[in-house]
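Data from query30.txt: compact mmCIF, N, CA and C atoms and all ligand atoms
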```txt
# COMPACT_ATOMS: atom_id res chain seq x y z
N MET G 2 -77.74 -22.52 42.01
CA MET G 2 -77.96 -23.03 43.36
C MET G 2 -78.66 -21.96 44.22
N ILE G 3 -79.58 -22.41 45.01
CA ILE G 3 -80.18 -21.54 46.01
C ILE G 3 -79.72 -22.02 47.38
N GLN G 4 -79.80 -21.13 48.35
CA GLN G 4 -79.42 -21.50 49.71
C GLN G 4 -80.57 -21.18 50.64
N GLY G 5 -80.79 -22.05 51.61
CA GLY G 5 -81.87 -21.82 52.56
C GLY G 5 -81.45 -22.19 53.96
N SER G 6 -82.26 -21.78 54.92
CA SER G 6 -81.95 -22.08 56.32
C SER G 6 -83.22 -22.06 57.13
N CYS G 7 -83.09 -22.58 58.35
CA CYS G 7 -84.23 -22.58 59.28
C CYS G 7 -84.20 -21.30 60.11
N GLN G 8 -85.22 -21.15 60.97
CA GLN G 8 -85.33 -19.91 61.74
C GLN G 8 -84.15 -19.70 62.69
N CYS G 9 -83.69 -20.76 63.33
CA CYS G 9 -82.58 -20.61 64.29
C CYS G 9 -81.23 -20.51 63.60
N GLY G 10 -81.20 -20.86 62.31
CA GLY G 10 -79.98 -20.70 61.53
C GLY G 10 -78.99 -21.85 61.65
N LYS G 11 -79.35 -22.89 62.41
CA LYS G 11 -78.38 -23.99 62.60
C LYS G 11 -78.32 -24.93 61.41
N ILE G 12 -79.43 -25.01 60.65
CA ILE G 12 -79.41 -25.83 59.43
C ILE G 12 -79.32 -24.89 58.23
N VAL G 13 -78.33 -25.13 57.38
CA VAL G 13 -78.18 -24.38 56.13
C VAL G 13 -78.00 -25.40 55.01
N TYR G 14 -78.79 -25.23 53.95
CA TYR G 14 -78.70 -26.19 52.83
C TYR G 14 -78.54 -25.42 51.53
N GLN G 15 -78.12 -26.13 50.51
CA GLN G 15 -78.20 -25.59 49.16
C GLN G 15 -78.67 -26.68 48.23
N VAL G 16 -79.31 -26.25 47.14
CA VAL G 16 -79.89 -27.21 46.20
C VAL G 16 -80.10 -26.48 44.88
N GLU G 17 -80.15 -27.25 43.80
CA GLU G 17 -80.44 -26.65 42.49
C GLU G 17 -81.95 -26.61 42.30
N ALA G 18 -82.50 -25.42 42.21
CA ALA G 18 -83.95 -25.23 42.15
C ALA G 18 -84.48 -25.45 40.74
N ILE G 19 -85.78 -25.72 40.68
CA ILE G 19 -86.51 -25.77 39.40
C ILE G 19 -87.59 -24.70 39.51
N PRO G 20 -87.22 -23.42 39.28
CA PRO G 20 -88.12 -22.30 39.60
C PRO G 20 -89.47 -22.36 38.89
N GLU G 21 -89.51 -22.97 37.68
CA GLU G 21 -90.79 -23.06 36.97
C GLU G 21 -91.75 -24.05 37.63
N HIS G 22 -91.28 -24.77 38.65
CA HIS G 22 -92.16 -25.65 39.43
C HIS G 22 -92.22 -25.13 40.87
N THR G 23 -92.88 -24.01 41.00
CA THR G 23 -93.07 -23.41 42.33
C THR G 23 -94.57 -23.22 42.52
N TYR G 24 -95.11 -23.84 43.56
CA TYR G 24 -96.57 -23.89 43.70
C TYR G 24 -97.01 -23.51 45.10
N ASN G 25 -98.15 -22.86 45.16
CA ASN G 25 -98.85 -22.70 46.44
C ASN G 25 -99.67 -23.97 46.64
N CYS G 26 -99.30 -24.78 47.61
CA CYS G 26 -100.04 -26.02 47.86
C CYS G 26 -101.07 -25.78 48.96
N HIS G 27 -102.33 -26.05 48.62
CA HIS G 27 -103.44 -25.80 49.54
C HIS G 27 -103.95 -27.08 50.19
N CYS G 28 -103.17 -28.17 50.12
CA CYS G 28 -103.66 -29.44 50.70
C CYS G 28 -103.67 -29.35 52.23
N SER G 29 -104.49 -30.19 52.84
CA SER G 29 -104.65 -30.13 54.29
C SER G 29 -103.36 -30.55 55.00
N ALA G 30 -102.59 -31.44 54.40
CA ALA G 30 -101.34 -31.88 55.03
C ALA G 30 -100.35 -30.72 55.12
N CYS G 31 -100.21 -29.96 54.03
CA CYS G 31 -99.30 -28.80 54.07
C CYS G 31 -99.80 -27.77 55.08
N ARG G 32 -101.13 -27.58 55.10
CA ARG G 32 -101.70 -26.58 56.01
C ARG G 32 -101.33 -26.93 57.47
N LYS G 33 -101.54 -28.19 57.85
CA LYS G 33 -101.20 -28.63 59.21
C LYS G 33 -99.70 -28.53 59.46
N ALA G 34 -98.93 -29.07 58.52
CA ALA G 34 -97.48 -29.18 58.74
C ALA G 34 -96.83 -27.82 58.89
N HIS G 35 -97.32 -26.84 58.13
CA HIS G 35 -96.71 -25.51 58.15
C HIS G 35 -97.41 -24.58 59.14
N GLY G 36 -98.55 -24.99 59.66
CA GLY G 36 -99.30 -24.09 60.53
C GLY G 36 -99.67 -22.82 59.79
N ALA G 37 -100.05 -22.99 58.50
CA ALA G 37 -100.28 -21.84 57.64
C ALA G 37 -101.46 -22.12 56.72
N THR G 38 -102.01 -21.09 56.13
CA THR G 38 -103.15 -21.23 55.25
C THR G 38 -102.81 -22.05 54.01
N PHE G 39 -101.61 -21.89 53.49
CA PHE G 39 -101.10 -22.76 52.42
C PHE G 39 -99.57 -22.70 52.50
N ALA G 40 -98.93 -23.57 51.72
CA ALA G 40 -97.46 -23.62 51.73
C ALA G 40 -96.95 -23.42 50.31
N THR G 41 -95.97 -22.55 50.14
CA THR G 41 -95.35 -22.36 48.83
C THR G 41 -94.15 -23.28 48.73
N GLN G 42 -94.23 -24.20 47.78
CA GLN G 42 -93.21 -25.24 47.62
C GLN G 42 -92.45 -25.04 46.31
N LEU G 43 -91.15 -25.04 46.43
CA LEU G 43 -90.26 -24.90 45.27
C LEU G 43 -89.64 -26.26 45.01
N PHE G 44 -89.90 -26.79 43.82
CA PHE G 44 -89.30 -28.09 43.50
C PHE G 44 -87.83 -27.89 43.14
N ALA G 45 -87.06 -28.93 43.41
CA ALA G 45 -85.61 -28.85 43.22
C ALA G 45 -85.08 -30.22 42.85
N LYS G 46 -83.83 -30.24 42.39
CA LYS G 46 -83.20 -31.48 41.97
C LYS G 46 -82.61 -32.16 43.20
N GLY G 47 -83.30 -33.21 43.67
CA GLY G 47 -82.97 -33.83 44.95
C GLY G 47 -81.55 -34.30 45.05
N GLU G 48 -80.99 -34.77 43.94
CA GLU G 48 -79.62 -35.30 44.00
C GLU G 48 -78.60 -34.20 44.22
N THR G 49 -79.03 -32.92 44.10
CA THR G 49 -78.09 -31.81 44.31
C THR G 49 -78.15 -31.25 45.73
N LEU G 50 -79.03 -31.80 46.57
CA LEU G 50 -79.18 -31.27 47.93
C LEU G 50 -77.92 -31.53 48.76
N THR G 51 -77.37 -30.47 49.31
CA THR G 51 -76.25 -30.63 50.23
C THR G 51 -76.50 -29.74 51.45
N PHE G 52 -76.03 -30.18 52.58
CA PHE G 52 -76.15 -29.40 53.80
C PHE G 52 -74.81 -28.75 54.10
N LEU G 53 -74.84 -27.43 54.28
CA LEU G 53 -73.62 -26.69 54.59
C LEU G 53 -73.35 -26.75 56.09
N GLN G 54 -74.42 -26.91 56.85
CA GLN G 54 -74.27 -27.14 58.30
C GLN G 54 -75.58 -27.66 58.86
N GLY G 55 -75.48 -28.35 59.99
CA GLY G 55 -76.65 -28.72 60.78
C GLY G 55 -77.45 -29.91 60.31
N GLU G 56 -76.92 -30.72 59.39
CA GLU G 56 -77.72 -31.85 58.89
C GLU G 56 -78.15 -32.78 60.02
N ASP G 57 -77.33 -32.86 61.06
CA ASP G 57 -77.66 -33.75 62.19
C ASP G 57 -78.88 -33.28 62.96
N LEU G 58 -79.30 -32.02 62.74
CA LEU G 58 -80.49 -31.50 63.43
C LEU G 58 -81.77 -31.70 62.61
N LEU G 59 -81.63 -32.18 61.37
CA LEU G 59 -82.80 -32.36 60.51
C LEU G 59 -83.60 -33.56 60.97
N SER G 60 -84.87 -33.37 61.28
CA SER G 60 -85.76 -34.47 61.66
C SER G 60 -86.70 -34.77 60.52
N GLU G 61 -87.06 -36.04 60.40
CA GLU G 61 -87.96 -36.48 59.33
C GLU G 61 -89.27 -36.98 59.94
N TYR G 62 -90.37 -36.53 59.35
CA TYR G 62 -91.68 -37.10 59.65
C TYR G 62 -92.15 -37.84 58.41
N VAL G 63 -92.39 -39.14 58.54
CA VAL G 63 -92.80 -39.94 57.39
C VAL G 63 -94.32 -39.89 57.29
N GLY G 64 -94.80 -39.13 56.31
CA GLY G 64 -96.23 -38.99 56.10
C GLY G 64 -96.73 -39.96 55.06
N GLU G 65 -98.00 -39.80 54.66
CA GLU G 65 -98.60 -40.74 53.72
C GLU G 65 -98.02 -40.60 52.32
N VAL G 66 -97.66 -39.38 51.94
CA VAL G 66 -97.21 -39.19 50.56
C VAL G 66 -95.74 -38.83 50.45
N GLY G 67 -95.02 -38.88 51.53
CA GLY G 67 -93.61 -38.56 51.45
C GLY G 67 -93.06 -38.23 52.82
N ILE G 68 -91.83 -37.78 52.80
CA ILE G 68 -91.13 -37.47 54.03
C ILE G 68 -91.07 -35.95 54.18
N ARG G 69 -91.50 -35.46 55.33
CA ARG G 69 -91.47 -34.03 55.62
C ARG G 69 -90.38 -33.79 56.66
N THR G 70 -89.56 -32.77 56.42
CA THR G 70 -88.45 -32.54 57.34
C THR G 70 -88.61 -31.19 58.03
N PHE G 71 -87.97 -31.11 59.18
CA PHE G 71 -88.02 -29.87 59.96
C PHE G 71 -86.79 -29.81 60.85
N CYS G 72 -86.46 -28.62 61.30
CA CYS G 72 -85.34 -28.44 62.22
C CYS G 72 -85.77 -28.90 63.61
N SER G 73 -85.03 -29.83 64.19
CA SER G 73 -85.39 -30.34 65.52
C SER G 73 -85.13 -29.33 66.62
N ASN G 74 -84.41 -28.26 66.31
CA ASN G 74 -84.17 -27.21 67.31
C ASN G 74 -85.26 -26.16 67.30
N CYS G 75 -85.63 -25.66 66.11
CA CYS G 75 -86.58 -24.54 66.05
C CYS G 75 -87.91 -24.91 65.39
N GLY G 76 -88.02 -26.08 64.80
CA GLY G 76 -89.29 -26.52 64.24
C GLY G 76 -89.60 -26.04 62.84
N THR G 77 -88.70 -25.27 62.23
CA THR G 77 -88.95 -24.76 60.88
C THR G 77 -89.10 -25.90 59.88
N ARG G 78 -90.16 -25.83 59.09
CA ARG G 78 -90.35 -26.77 57.99
C ARG G 78 -89.36 -26.43 56.88
N LEU G 79 -88.68 -27.42 56.36
CA LEU G 79 -87.65 -27.14 55.36
C LEU G 79 -87.93 -27.80 54.02
N MET G 80 -88.09 -29.12 53.97
CA MET G 80 -88.25 -29.76 52.67
C MET G 80 -89.07 -31.03 52.78
N ASN G 81 -89.61 -31.41 51.63
CA ASN G 81 -90.34 -32.67 51.48
C ASN G 81 -89.62 -33.47 50.40
N TYR G 82 -89.58 -34.79 50.59
CA TYR G 82 -89.00 -35.61 49.53
C TYR G 82 -89.50 -37.04 49.62
N ALA G 83 -89.33 -37.74 48.50
CA ALA G 83 -89.57 -39.17 48.47
C ALA G 83 -88.36 -39.86 49.08
N ALA G 84 -88.52 -41.13 49.44
CA ALA G 84 -87.38 -41.88 49.99
C ALA G 84 -86.20 -41.79 49.03
N ASP G 85 -86.49 -41.84 47.74
CA ASP G 85 -85.47 -41.59 46.72
C ASP G 85 -85.58 -40.12 46.33
N LYS G 86 -84.66 -39.31 46.82
CA LYS G 86 -84.78 -37.86 46.61
C LYS G 86 -84.74 -37.47 45.14
N SER G 87 -84.18 -38.33 44.28
CA SER G 87 -84.15 -37.98 42.86
C SER G 87 -85.55 -38.12 42.25
N HIS G 88 -86.48 -38.78 42.97
CA HIS G 88 -87.87 -38.91 42.49
C HIS G 88 -88.58 -37.57 42.66
N TYR G 89 -88.54 -37.02 43.84
CA TYR G 89 -88.98 -35.64 44.02
C TYR G 89 -88.45 -35.06 45.31
N LEU G 90 -88.23 -33.76 45.25
CA LEU G 90 -87.84 -33.01 46.44
C LEU G 90 -88.38 -31.60 46.27
N SER G 91 -88.99 -31.08 47.30
CA SER G 91 -89.41 -29.68 47.27
C SER G 91 -88.94 -29.02 48.56
N VAL G 92 -88.68 -27.73 48.47
CA VAL G 92 -88.29 -26.99 49.67
C VAL G 92 -89.33 -25.90 49.92
N ALA G 93 -89.49 -25.54 51.17
CA ALA G 93 -90.38 -24.44 51.52
C ALA G 93 -89.74 -23.15 51.02
N LEU G 94 -90.42 -22.46 50.09
CA LEU G 94 -89.82 -21.25 49.52
C LEU G 94 -89.49 -20.24 50.61
N ALA G 95 -90.26 -20.26 51.69
CA ALA G 95 -90.03 -19.30 52.78
C ALA G 95 -88.70 -19.52 53.49
N SER G 96 -88.08 -20.70 53.29
CA SER G 96 -86.79 -20.95 53.93
C SER G 96 -85.62 -20.50 53.07
N VAL G 97 -85.90 -20.12 51.82
CA VAL G 97 -84.83 -19.76 50.88
C VAL G 97 -84.36 -18.34 51.14
N GLU G 98 -83.05 -18.15 51.12
CA GLU G 98 -82.45 -16.86 51.42
C GLU G 98 -82.35 -15.98 50.18
N GLY G 99 -82.34 -14.68 50.40
CA GLY G 99 -81.92 -13.74 49.38
C GLY G 99 -83.02 -13.33 48.41
N ASP G 100 -82.62 -12.47 47.49
CA ASP G 100 -83.53 -11.92 46.49
C ASP G 100 -83.47 -12.80 45.25
N HIS G 101 -84.12 -13.97 45.35
CA HIS G 101 -83.98 -15.00 44.31
C HIS G 101 -84.93 -14.79 43.14
N GLY G 102 -85.97 -13.99 43.32
CA GLY G 102 -86.89 -13.71 42.23
C GLY G 102 -87.84 -14.84 41.88
N ILE G 103 -87.87 -15.90 42.70
CA ILE G 103 -88.73 -17.04 42.41
C ILE G 103 -90.13 -16.77 42.94
N VAL G 104 -91.14 -16.99 42.09
CA VAL G 104 -92.52 -16.75 42.49
C VAL G 104 -93.37 -17.96 42.14
N PRO G 105 -94.45 -18.21 42.88
CA PRO G 105 -95.31 -19.34 42.54
C PRO G 105 -95.97 -19.15 41.19
N VAL G 106 -96.12 -20.26 40.45
CA VAL G 106 -96.71 -20.20 39.11
C VAL G 106 -98.15 -20.70 39.10
N ALA G 107 -98.59 -21.36 40.17
CA ALA G 107 -99.96 -21.88 40.21
C ALA G 107 -100.34 -22.23 41.64
N HIS G 108 -101.65 -22.34 41.86
CA HIS G 108 -102.19 -22.88 43.11
C HIS G 108 -102.54 -24.35 42.86
N CYS G 109 -102.16 -25.24 43.79
CA CYS G 109 -102.45 -26.67 43.66
C CYS G 109 -103.33 -27.14 44.81
N ASN G 110 -104.04 -28.25 44.55
CA ASN G 110 -104.88 -28.88 45.57
C ASN G 110 -105.90 -27.90 46.15
N VAL G 111 -106.44 -27.08 45.27
CA VAL G 111 -107.43 -26.09 45.70
C VAL G 111 -108.70 -26.78 46.22
N GLU G 112 -108.90 -28.06 45.80
CA GLU G 112 -110.10 -28.79 46.24
C GLU G 112 -110.13 -28.95 47.76
N SER G 113 -108.97 -28.91 48.41
CA SER G 113 -108.96 -29.07 49.87
C SER G 113 -108.43 -27.82 50.58
N LYS G 114 -108.58 -26.69 49.95
CA LYS G 114 -108.07 -25.42 50.51
C LYS G 114 -108.77 -25.06 51.82
N ALA G 115 -108.15 -24.16 52.55
CA ALA G 115 -108.75 -23.67 53.79
C ALA G 115 -110.08 -22.98 53.51
N LEU G 116 -111.04 -23.20 54.40
CA LEU G 116 -112.38 -22.63 54.19
C LEU G 116 -112.35 -21.11 54.27
N TRP G 117 -111.37 -20.56 54.97
CA TRP G 117 -111.33 -19.11 55.20
C TRP G 117 -110.56 -18.35 54.15
N HIS G 118 -110.11 -19.04 53.11
CA HIS G 118 -109.20 -18.40 52.16
C HIS G 118 -109.64 -18.61 50.71
N GLU G 119 -109.59 -17.54 49.92
CA GLU G 119 -109.84 -17.65 48.48
C GLU G 119 -108.54 -17.31 47.76
N PRO G 120 -107.94 -18.30 47.06
CA PRO G 120 -106.68 -18.03 46.36
C PRO G 120 -106.85 -16.96 45.29
N SER G 121 -105.82 -16.17 45.10
CA SER G 121 -105.84 -15.15 44.05
C SER G 121 -105.95 -15.84 42.69
N GLU G 122 -106.54 -15.17 41.73
CA GLU G 122 -106.72 -15.78 40.41
C GLU G 122 -105.77 -15.20 39.39
N ASP G 123 -104.67 -14.60 39.85
CA ASP G 123 -103.68 -14.07 38.90
C ASP G 123 -102.73 -15.15 38.41
N ILE G 124 -102.77 -16.33 39.02
CA ILE G 124 -102.05 -17.49 38.52
C ILE G 124 -103.05 -18.64 38.46
N PRO G 125 -102.79 -19.68 37.63
CA PRO G 125 -103.77 -20.76 37.45
C PRO G 125 -104.08 -21.53 38.74
N LEU G 126 -105.31 -22.02 38.82
CA LEU G 126 -105.74 -22.84 39.94
C LEU G 126 -105.94 -24.27 39.46
N PHE G 127 -105.43 -25.24 40.22
CA PHE G 127 -105.63 -26.65 39.92
C PHE G 127 -106.30 -27.32 41.11
N GLN G 128 -107.31 -28.18 40.82
CA GLN G 128 -107.98 -28.89 41.91
C GLN G 128 -107.01 -29.84 42.60
N GLY G 129 -106.16 -30.51 41.82
CA GLY G 129 -105.11 -31.37 42.37
C GLY G 129 -103.76 -30.78 42.00
N PHE G 130 -102.84 -31.66 41.58
CA PHE G 130 -101.56 -31.18 41.06
C PHE G 130 -101.65 -31.08 39.54
N PRO G 131 -101.01 -30.09 38.94
CA PRO G 131 -100.96 -30.06 37.48
C PRO G 131 -100.15 -31.24 36.96
N ASP G 132 -100.39 -31.62 35.72
CA ASP G 132 -99.62 -32.70 35.12
C ASP G 132 -98.14 -32.35 35.13
N GLY G 133 -97.33 -33.36 35.32
CA GLY G 133 -95.90 -33.14 35.18
C GLY G 133 -95.15 -32.88 36.47
N ILE G 134 -95.87 -32.90 37.60
CA ILE G 134 -95.12 -32.81 38.87
C ILE G 134 -95.53 -33.96 39.77
ZN ZN X 201 -83.49 -24.38 63.27
ZN ZN X 202 -99.58 -29.82 50.08
```

I'd like the structure from this file rewritten - as structure tokens, please.
Amino acid sequence: MIQGSCQCGKIVYQVEAIPEHTYNCHCSACRKAHGATFATQLFAKGETLTFLQGEDLLSEYVGEVGIRTFCSNCGTRLMNYAADKSHYLSVALASVEGDHGIVPVAHCNVESKALWHEPSEDIPLFQGFPDGI
């Protein structure tokens, strides 16, 4: 289990991670949603998601490809999931606490990456998503 929280600390969650599915997502939706050049997303087992505190503060934005959540108090992006969380759930790696040793294994959606950024080539680059996620 990993544990994560938002910037204000009012929302704390835990979930069983799938560390081999950790990606830097360069899609325009992640860029906007995170206010960042790209977003590092750690996939996890949605049915294991539990909130240790603050679940009532979690807000959902229903986007085109899934539901994006954030803390309604501090605005921190926390997780993305399908309506059926067992279908897919990912958490923002930046929200995860501690020295977990999880690192991104690939860059995804490089076809729509920020114009000002060239992803490092020390991990594989995919124009879309790699097969299997
Ligand atoms: Zn917060
Ligand atoms: Zn994305």

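Distances here use all atoms listed in the file; by that measure, the residue among G:Lys33, G:Glu122, G:His88, G:Ala107 closest to G:Glu48 is G:His88.
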
Sel. of alpha helix (DSSP H) residues, stretch 12-118 of chain G, as JSON, numbers by chain: {"G": [29, 30, 31, 32, 33, 34, 35]}

Store the residues of this selection in a file with N, CA and C atoms, as a PDB file, keeping the file's coordinate frame.
```pdb
ATOM      1  N   SER G  29    -104.490 -30.190  52.840  1.00  0.00           N
ATOM      2  CA  SER G  29    -104.650 -30.130  54.290  1.00  0.00           C
ATOM      3  C   SER G  29    -103.360 -30.550  55.000  1.00  0.00           C
ATOM      4  N   ALA G  30    -102.590 -31.440  54.400  1.00  0.00           N
ATOM      5  CA  ALA G  30    -101.340 -31.880  55.030  1.00  0.00           C
ATOM      6  C   ALA G  30    -100.350 -30.720  55.120  1.00  0.00           C
ATOM      7  N   CYS G  31    -100.210 -29.960  54.030  1.00  0.00           N
ATOM      8  CA  CYS G  31     -99.300 -28.800  54.070  1.00  0.00           C
ATOM      9  C   CYS G  31     -99.800 -27.770  55.080  1.00  0.00           C
ATOM     10  N   ARG G  32    -101.130 -27.580  55.100  1.00  0.00           N
ATOM     11  CA  ARG G  32    -101.700 -26.580  56.010  1.00  0.00           C
ATOM     12  C   ARG G  32    -101.330 -26.930  57.470  1.00  0.00           C
ATOM     13  N   LYS G  33    -101.540 -28.190  57.850  1.00  0.00           N
ATOM     14  CA  LYS G  33    -101.200 -28.630  59.210  1.00  0.00           C
ATOM     15  C   LYS G  33     -99.700 -28.530  59.460  1.00  0.00           C
ATOM     16  N   ALA G  34     -98.930 -29.070  58.520  1.00  0.00           N
ATOM     17  CA  ALA G  34     -97.480 -29.180  58.740  1.00  0.00           C
ATOM     18  C   ALA G  34     -96.830 -27.820  58.890  1.00  0.00           C
ATOM     19  N   HIS G  35     -97.320 -26.840  58.130  1.00  0.00           N
ATOM     20  CA  HIS G  35     -96.710 -25.510  58.150  1.00  0.00           C
ATOM     21  C   HIS G  35     -97.410 -24.580  59.140  1.00  0.00           C
TER      22      HIS G  35
END
```

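Nearest to ligand ZN 201 (chain X) of all the residues G:Pro20, G:Gly47, G:Gly76, G:Pro125 is G:Gly76, counting only C-alpha atoms and all ligand atoms.
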
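Across the structure, atom CA of G:Phe52 and atom C of G:Leu94 are spaced 16.5 Å apart.
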
Surrounding residues as an mmCIF file with N, CA and C atoms, in the coordinates of the input, ligand ZN 202 (chain X), max 8 Å, only N, CA and C atoms and all ligand atoms:
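Final file, selection-v5.cif:
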```cif
data_model
loop_
_atom_site.group_PDB
_atom_site.id
_atom_site.type_symbol
_atom_site.label_atom_id
_atom_site.label_comp_id
_atom_site.auth_asym_id
_atom_site.auth_seq_id
_atom_site.Cartn_x
_atom_site.Cartn_y
_atom_site.Cartn_z
ATOM 1 N N ASN G 25 -98.150 -22.860 45.160
ATOM 2 C CA ASN G 25 -98.850 -22.700 46.440
ATOM 3 C C ASN G 25 -99.670 -23.970 46.640
ATOM 4 N N CYS G 26 -99.300 -24.780 47.610
ATOM 5 C CA CYS G 26 -100.040 -26.020 47.860
ATOM 6 C C CYS G 26 -101.070 -25.780 48.960
ATOM 7 N N HIS G 27 -102.330 -26.050 48.620
ATOM 8 C CA HIS G 27 -103.440 -25.800 49.540
ATOM 9 C C HIS G 27 -103.950 -27.080 50.190
ATOM 10 N N CYS G 28 -103.170 -28.170 50.120
ATOM 11 C CA CYS G 28 -103.660 -29.440 50.700
ATOM 12 C C CYS G 28 -103.670 -29.350 52.230
ATOM 13 N N SER G 29 -104.490 -30.190 52.840
ATOM 14 C CA SER G 29 -104.650 -30.130 54.290
ATOM 15 C C SER G 29 -103.360 -30.550 55.000
ATOM 16 N N ALA G 30 -102.590 -31.440 54.400
ATOM 17 C CA ALA G 30 -101.340 -31.880 55.030
ATOM 18 C C ALA G 30 -100.350 -30.720 55.120
ATOM 19 N N CYS G 31 -100.210 -29.960 54.030
ATOM 20 C CA CYS G 31 -99.300 -28.800 54.070
ATOM 21 C C CYS G 31 -99.800 -27.770 55.080
ATOM 22 N N ARG G 32 -101.130 -27.580 55.100
ATOM 23 C CA ARG G 32 -101.700 -26.580 56.010
ATOM 24 C C ARG G 32 -101.330 -26.930 57.470
ATOM 25 N N PHE G 39 -101.610 -21.890 53.490
ATOM 26 C CA PHE G 39 -101.100 -22.760 52.420
ATOM 27 C C PHE G 39 -99.570 -22.700 52.500
ATOM 28 N N ALA G 40 -98.930 -23.570 51.720
ATOM 29 C CA ALA G 40 -97.460 -23.620 51.730
ATOM 30 C C ALA G 40 -96.950 -23.420 50.310
ATOM 31 N N CYS G 109 -102.160 -25.240 43.790
ATOM 32 C CA CYS G 109 -102.450 -26.670 43.660
ATOM 33 C C CYS G 109 -103.330 -27.140 44.810
ATOM 34 N N ASN G 110 -104.040 -28.250 44.550
ATOM 35 C CA ASN G 110 -104.880 -28.880 45.570
ATOM 36 C C ASN G 110 -105.900 -27.900 46.150
#
```

Residues of chain G that approach ligand ZN 201 (chain X) to 5 Å or less, counting only N, CA and C atoms and all ligand atoms: could you list each one with the shortest pair of atoms and its distance in Å to one decimal, rows by chain and increasing residue number, as JSON lines?
```
{"residue": "G:Cys7", "atom": "CA", "partner": "X:ZN201", "partner_atom": "ZN", "distance": 4.4}
{"residue": "G:Gln8", "atom": "N", "partner": "X:ZN201", "partner_atom": "ZN", "distance": 4.3}
{"residue": "G:Cys9", "atom": "N", "partner": "X:ZN201", "partner_atom": "ZN", "distance": 3.6}
{"residue": "G:Gly10", "atom": "N", "partner": "X:ZN201", "partner_atom": "ZN", "distance": 4.3}
{"residue": "G:Lys11", "atom": "N", "partner": "X:ZN201", "partner_atom": "ZN", "distance": 4.5}
{"residue": "G:Ile12", "atom": "N", "partner": "X:ZN201", "partner_atom": "ZN", "distance": 4.9}
{"residue": "G:Cys72", "atom": "CA", "partner": "X:ZN201", "partner_atom": "ZN", "distance": 4.6}
{"residue": "G:Asn74", "atom": "C", "partner": "X:ZN201", "partner_atom": "ZN", "distance": 4.7}
{"residue": "G:Cys75", "atom": "N", "partner": "X:ZN201", "partner_atom": "ZN", "distance": 3.8}
```

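We find atom CA of G:Asp85 and atom CA of G:Val66 to be spaced 12.6 Å apart.
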
Strand (DSSP E or B) residues, from DSSP on the backbone, in chain G, as a VMD selection string: chain G and resid 3 to 6 13 to 26 40 to 54 59 to 63 68 to 72 78 to 82 90 to 93 97 107 to 109 126

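Take the candidates G:Leu126, G:Gly5, G:Asp100, G:Arg69 and check each one against G:Glu112 using all atoms listed in the file; the shortest distance goes to G:Leu126.
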
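With distances restricted to all atoms listed in the file, G:Ser73 is the closest residue to G:Leu59 from G:Thr41, G:Ser96, G:Ser91, G:Ser73.
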
Coordinates of box centre and edge lengths for stretch 45-53 of chain G, 5 Å on every side, axis-aligned, as lines of an AutoDock Vina configuration file:
```
center_x = -80.2
center_y = -31.0
center_z = 49.0
size_x = 23.7
size_y = 18.6
size_z = 24.1
```

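One distance worth recording is that between atom N of G:Ser6 and atom CA of G:Gly64, which is 22.2 Å.
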
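Across G:Ile3, G:Ile103, G:Val13, G:Ala34, the tightest approach to G:Arg78 is made by G:Ala34 when counting only N, CA and C atoms.
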
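Candidate residues G:Val16, G:Glu65, G:His22, G:Thr70 were compared for distance to G:Thr49, and the nearest is G:Val16, using only N, CA and C atoms.
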